[in-house]
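The structure appears below as C-alpha cells.
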Amino acid sequence: MSVAATTSPAVGTLYVSRFPTSRGMPRVTMALRSNVVSVGSILTKLQKDCATPFPVIRHVADSMTADMRAGLAVDGGSNLKMILSYVDSLPSGNEKGLFYALDLGGTNFRALRVQLGGKEDRVVATEFEQLSIPQELMFGTSEELFDFIASTLAGFAEKESEKFHLPHGRQREIGFTFSFPVKQTSIDSGILMKWTKGFAVSGTAGRDVVACLNEAMERQGVDMRVSALVNDTVGTLAGARYWDDDVLVAVILGTGTNACYVERTDCIPKLQGPKSSSGRTIINTEWGAFSDGIPLTVFDRDMDAASINPGEQIFEKTISGMYLGEIARRALVTMAEEGSLFGMAVPNKLSTPFALRTPDICAMQQDNSDDLQAVGSILHDVAGVESSLSERRIVLEVCDAIVRRGGRLAGAGIVGILQKMEQDSKGTIFNKRTVVAMDGGLYEHYPQYRSYLQDAVTELLGSETSKNIVIEHSKDGSGIGAALLAATNSKYDHDF
C-alpha cells in the first residue's frame with residue numbers, strides 16, 4: 001500500500017508513507033496543523049535570520065575593509081589580526097632543487113616533496129602523502145602532535161624516489177604550512193596565538209611552532225630544517241602566483257577559512273624597521289575572527305555557546321565547512337522536537353553534535369530526483385531518520401538557507417579585501433585582470449556555495465567590474481606554495 005504525497009500533509013490527515021520502516025511495514029503518521037505550522041514557522045524564521053540582501057553584504061564588505069585598516073594601524077586594532085607574513089618576494093619560476101612541504105591545515109596532515117626545474121621545466125616531479133589527524137591528538141599535548149608529524153615526515157622521506165635529487169652536503173629544507181593564527185616573527189619562526197578549527201592542543205600557545213617541530217624532528221632523528229613558516233593562504237597565494245602573475249589574493253574555504261593578499265608596505269602603519277625592497281608583502285588577515293554585521297540565527301548562537309571558543313571566529317562559524325552541517329543539524333533537531341518533523345520521536349543520531357557534516361548537506365543538495373532518494377538515504381544513514389518526500393524538501397530548504405548565507409558572506413569578504421586594495425592603489429585593481437586564488441574542499445566540492453559566492457561578488461561590484469575579478473580554484477596550491485617559499489628562502493646559495 002502506498003500513497004504519494006507531493007505537499008505537506010493536510011490538517012488531521014492520516015497518510016501512509018511510501019518509505020518503509022526497518023521492519024518493512026509502512027510508517028503511519030498523523031500530521032496535525034500545529035506541527036505543520038510549527039515546522040513552517042521555524043523554517044521561515046531561519047530563512048529570515050539567514051537572509052543576506054544587498055544592504056547586508058554591502059555592510060559586511062565595507063566593515064571588512066574598515067577592520068583591515070584598523071588591524072594594519074596597530075596590533076589589536078580590530079578583530080582582524082592582519083599578521084605580517086615576512087614573505088616579501090614571491091616565486092618567480094626560476095626556482096630549482098628538491099624541497100619539502102608539510103601542511104597542517106585542519107583535520108588532515110600532508111607531507112609533500114617537489115623537484116623544481118626552473119623557468120623551462122617548472123615542477124619536474126611531486127610526491128605526497130596525506131593522513132587524517134587522530135582525534136585524540138587534536139586534544140592532546142604539543143609533544144604528541146608534533147611527534148606524530150615528525151614521525152610521518154621521517155617515513156615519507158625514506159620513500160624518496162630516484163626522480164628527486166639533493167645536491168651533496170645539503171640538508172633537506174621544508175616549507176611548513178601551519179594554518180592557525182601565528183604571530184610571525186621572521187620567515188622561519190612564529191608564535192602560536194591560539195588554536196582554531198576544533199583543535200585544543202595543550203602546551204603550544206605562546207610557543208614558536210617551528211621550534212616545536214624542530215625539537216620533534218630531533219627526537220625522531222629527522223635531518224631537515226624549516227626555512228619558511230607559511231600560513232595555508234599565504235602558501236596558496238605563492239603557489240598560484242608561480243603560474244599567474246595576476247594573483248593578488250588567496251582564500252581558503254575548507255574545514256576552516258582564511259584570506260591573505262599582497263599589500264603595499266607604505267599602507268602598514270604598524271610595520272616598524274626596514275621595509276622590504278620590493279615595497280610589498282603578504283598580509284595574513286585571519287578573517288575568520290571577523291564579526292561585524294553578520295546575520296545570526298538562534299542555531300548559530302547555540303552552536304557558538306557550546307563551542308571550545310565561544311564568542312570567537314564568528315565569520316568562520318558561518319561560512320566554513322566545519323560548521324555548516326552542524327548549523328543545519330541544530331535547525332532540524334528543533335524542527336523535530338517542536339514540530340515533530342520526522343515523527344513523534346527525535347532520532348538519537350540526529351541529536352549527536354556534528355553528526356550531520358557539510359559533505360552530507362552538499363550531497364543532499366545535488367539530488368535532483370523526483371523522490372529525492374539520495375536525500376532520504378543520507379538522512380537514514382547519517383541521522384537515523386526515516387523521511388517522507390515533504391520532509392526531505394524541508395531539509396533541503398534548511399540546507400539552502402544556511403549555504404546561501406555562507407557563500408554570500410564569503411563573497412562579501414572577498415570584495416572587502418579587493419576594495420581596500422583598490423582604494424589604496426587609486427584604481428589599479430578593478431580596471432584590470434585581478435585573480436583571487438581559492439583552495440579548500442568546501443569551495444571545490446560545493447557548487448551551490450561557489451555560485452552564491454560569485455553572485456555576491458557580481459552584485460557588489462557590478463557586472464562590468466566583476467568581469468575583471470577572476471575567482472579561480474587553485475587545488476592544493478598551499479603545499480606547492482610552501483615548498484616554493486622554502487626555495488626562495490633557502491639558506492644555500494642560489495641564482496634564482
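Within each chain, counting starts at residue 1; across the C-alpha cells, chains are named A, B, ... in the order shown, with ligands numbered 1 upward in that order.
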
Problem set entry | In range 186-370 of chain A, DSSP strand (DSSP E) residues written as a PyMOL selection string | chain A and resi 186+189-192+224-230+247-253+257-264+280-284

For this session: Within 9 Å of range 93-99 of chain A, counting only C-alpha atoms, which residues show up once you throw out same-chain ones fewer than 5 positions away? Write them as a VMD selection string, please.
Result: chain A and resid 112 to 120 122 to 123 164 to 167 172 to 175 242 to 243 483 to 484 486 to 488 494 to 496

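Candidate residues A:Glu218, A:Asp223, A:Arg392, A:Gly416 were compared for distance to Asp370 in chain A, and the nearest is A:Arg392, using only C-alpha atoms.
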
Problem set entry | Nearest-residue call for Lys48 in chain A, choices A:Ala250, A:Val398, A:Ile83, A:Leu453, using only C-alpha atoms |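 Result for the nearest residue to Lys48 in chain A: A:Val398.
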
Exercise. Near range 417-431 of chain A, within 8 Å and counting only C-alpha atoms, which residues show up once chain neighbours fewer than 3 positions away are dropped, as number ranges by chain?
Worked result: A: 61, 64-65, 68, 261, 263, 267, 413-414, 434, 465-466, 468-469

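From CA of Leu332 in chain A back to CA of Val346 in chain A, the distance works out to 9.7 Å.
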
Seminar exercise, completed: Counting only C-alpha atoms, closest pick from A:Ala73, A:Val182, A:Val222, A:Ala331 relative to Gly206 in chain A is A:Val182

Within 9 Å of Phe148 in chain A using only C-alpha atoms, minus same-chain residues under 6 positions, as a JSON list (two decimals) with all heavy atoms, in the first residue's frame:
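File result38.json, as written:
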```json
[["chain", "number", "residue", "atom", "x", "y", "z"],
["A", 133, "ILE", "N", 44.45, 13.55, 10.99],
["A", 133, "ILE", "CA", 44.96, 13.73, 12.35],
["A", 133, "ILE", "C", 44.07, 12.91, 13.29],
["A", 133, "ILE", "O", 42.85, 13.12, 13.33],
["A", 133, "ILE", "CB", 44.91, 15.22, 12.77],
["A", 133, "ILE", "CG1", 45.80, 16.07, 11.85],
["A", 133, "ILE", "CG2", 45.31, 15.38, 14.23],
["A", 133, "ILE", "CD1", 47.28, 15.90, 12.06],
["A", 137, "LEU", "N", 44.72, 13.40, 19.15],
["A", 137, "LEU", "CA", 45.84, 14.35, 19.05],
["A", 137, "LEU", "C", 45.35, 15.79, 18.95],
["A", 137, "LEU", "O", 46.09, 16.72, 19.28],
["A", 137, "LEU", "CB", 46.73, 14.02, 17.85],
["A", 137, "LEU", "CG", 47.51, 12.71, 17.91],
["A", 137, "LEU", "CD1", 48.42, 12.55, 16.70],
["A", 137, "LEU", "CD2", 48.32, 12.61, 19.20],
["A", 216, "ALA", "N", 60.78, 18.06, 17.76],
["A", 216, "ALA", "CA", 60.18, 16.75, 17.45],
["A", 216, "ALA", "C", 61.00, 16.02, 16.40],
["A", 216, "ALA", "O", 61.22, 14.81, 16.50],
["A", 216, "ALA", "CB", 58.74, 16.94, 16.97]]
```

Problem set entry | Nearby residues (only C-alpha atoms) at most 10 Å from Ile394 in chain A, same-chain spacing under 2 positions excluded, as a PyMOL selection string | chain A and resi 8+39-40+43+332+335+341+389-392+396-400

Go ahead and write the selection's residues with C-alpha atoms as a tab-separated table (two decimals), in the first residue's frame.
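Produced file part.tsv, reproduced below:
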```tsv
chain	number	residue	atom	x	y	z
A	8	SER	CA	2.86	18.74	3.33
A	39	VAL	CA	7.89	23.46	11.28
A	40	GLY	CA	6.90	26.09	8.72
A	43	LEU	CA	11.84	27.39	8.62
A	332	LEU	CA	16.47	20.05	12.09
A	335	MET	CA	12.03	21.15	13.94
A	341	LEU	CA	9.40	16.83	11.66
A	389	LEU	CA	9.12	13.48	0.43
A	390	SER	CA	7.70	16.63	2.02
A	391	GLU	CA	10.15	16.27	4.94
A	392	ARG	CA	13.05	15.88	2.53
A	396	LEU	CA	16.78	20.93	1.53
A	397	GLU	CA	15.26	24.34	2.32
A	398	VAL	CA	17.16	24.37	5.62
A	399	CYS	CA	20.44	23.44	3.93
A	400	ASP	CA	20.00	26.02	1.21
```

Exercise. Which one is closest to Gly106 in chain A: A:Glu312, A:Asp232, A:Asp302, A:Asp245? Count only C-alpha atoms.
Worked result: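 Of the candidates, the smallest distance to Gly106 in chain A is held by A:Asp232.
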
Exercise. Leaving out range 356-365 of chain A and any residue of its chain fewer than 3 positions from it, which residues lie within 7 Å of it when counting only C-alpha atoms, given as a list in words?
Worked result: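 After dropping sequence-adjacent residues, the list is Gly321, Met322, Leu324, Gly325, Glu326, Arg329, Ala374, Val375, Ile378, Val382, Ala383, Leu396, Cys399 and Tyr446 of chain A.
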
For the residues selected in the previous step, produce a file with N, CA, C and O atoms as a short mmCIF file (atom, residue, chain, number, x, y, z; two decimals), in the first residue's frame.
```
data_model
loop_
_atom_site.label_atom_id
_atom_site.label_comp_id
_atom_site.auth_asym_id
_atom_site.auth_seq_id
_atom_site.Cartn_x
_atom_site.Cartn_y
_atom_site.Cartn_z
N GLY A 321 33.45 25.01 6.31
CA GLY A 321 32.96 23.64 6.19
C GLY A 321 32.76 22.90 7.50
O GLY A 321 31.96 21.98 7.58
N MET A 322 33.48 23.29 8.54
CA MET A 322 33.34 22.58 9.80
C MET A 322 31.95 22.79 10.41
O MET A 322 31.46 21.92 11.14
N LEU A 324 28.81 24.35 8.75
CA LEU A 324 27.55 24.47 8.02
C LEU A 324 26.62 23.29 8.29
O LEU A 324 25.41 23.47 8.50
N GLY A 325 27.16 22.08 8.28
CA GLY A 325 26.34 20.90 8.56
C GLY A 325 25.79 20.91 9.97
O GLY A 325 24.64 20.50 10.20
N GLU A 326 26.59 21.38 10.92
CA GLU A 326 26.15 21.40 12.32
C GLU A 326 25.03 22.42 12.53
O GLU A 326 24.08 22.16 13.29
N ARG A 329 21.98 20.74 11.26
CA ARG A 329 21.54 19.69 12.19
C ARG A 329 20.77 20.29 13.36
O ARG A 329 19.71 19.78 13.74
N ALA A 374 18.33 10.24 -2.75
CA ALA A 374 19.64 10.40 -2.11
C ALA A 374 19.51 11.15 -0.79
O ALA A 374 20.19 10.84 0.19
N VAL A 375 18.62 12.15 -0.76
CA VAL A 375 18.38 12.89 0.49
C VAL A 375 17.87 11.92 1.56
O VAL A 375 18.35 11.91 2.70
N ILE A 378 20.72 9.59 2.82
CA ILE A 378 21.67 10.27 3.70
C ILE A 378 21.05 10.52 5.07
O ILE A 378 21.68 10.28 6.11
N VAL A 382 22.97 8.75 8.05
CA VAL A 382 23.75 9.67 8.89
C VAL A 382 22.99 10.06 10.16
O VAL A 382 23.58 10.16 11.24
N ALA A 383 21.69 10.29 10.01
CA ALA A 383 20.93 10.83 11.14
C ALA A 383 19.91 9.86 11.72
O ALA A 383 19.21 10.19 12.67
N LEU A 396 16.03 20.20 2.56
CA LEU A 396 16.78 20.93 1.53
C LEU A 396 16.64 22.44 1.67
O LEU A 396 17.59 23.19 1.41
N CYS A 399 19.05 23.45 4.43
CA CYS A 399 20.44 23.44 3.93
C CYS A 399 20.72 24.65 3.05
O CYS A 399 21.75 25.31 3.17
N TYR A 446 31.46 22.10 -3.50
CA TYR A 446 30.07 22.53 -3.23
C TYR A 446 29.64 23.55 -4.28
O TYR A 446 29.83 24.75 -4.11
#
```

Problem set entry | Members of range 171-266 of chain A assigned helix (DSSP H, G or I) by DSSP, as a ChimeraX atom specification | /A:209-220,232-241,265-266

Seminar exercise, completed: Of A:Ile57, A:Gln366, A:Cys50, A:Asp62, the one sitting nearest Thr458 in chain A when using only C-alpha atoms is A:Ile57

Problem set entry | Distance query Val436 in chain A at most 9 Å, only C-alpha atoms, self and fewer than 4 positions along chain excluded, as a list of chain:residue names | A:Leu237, A:Asp246, A:Val247, A:Leu248, A:Val249, A:Ala250, A:Val251, A:Tyr261, A:Ile414, A:Ile469, A:Val470, A:Ile471, A:Glu472, A:His473
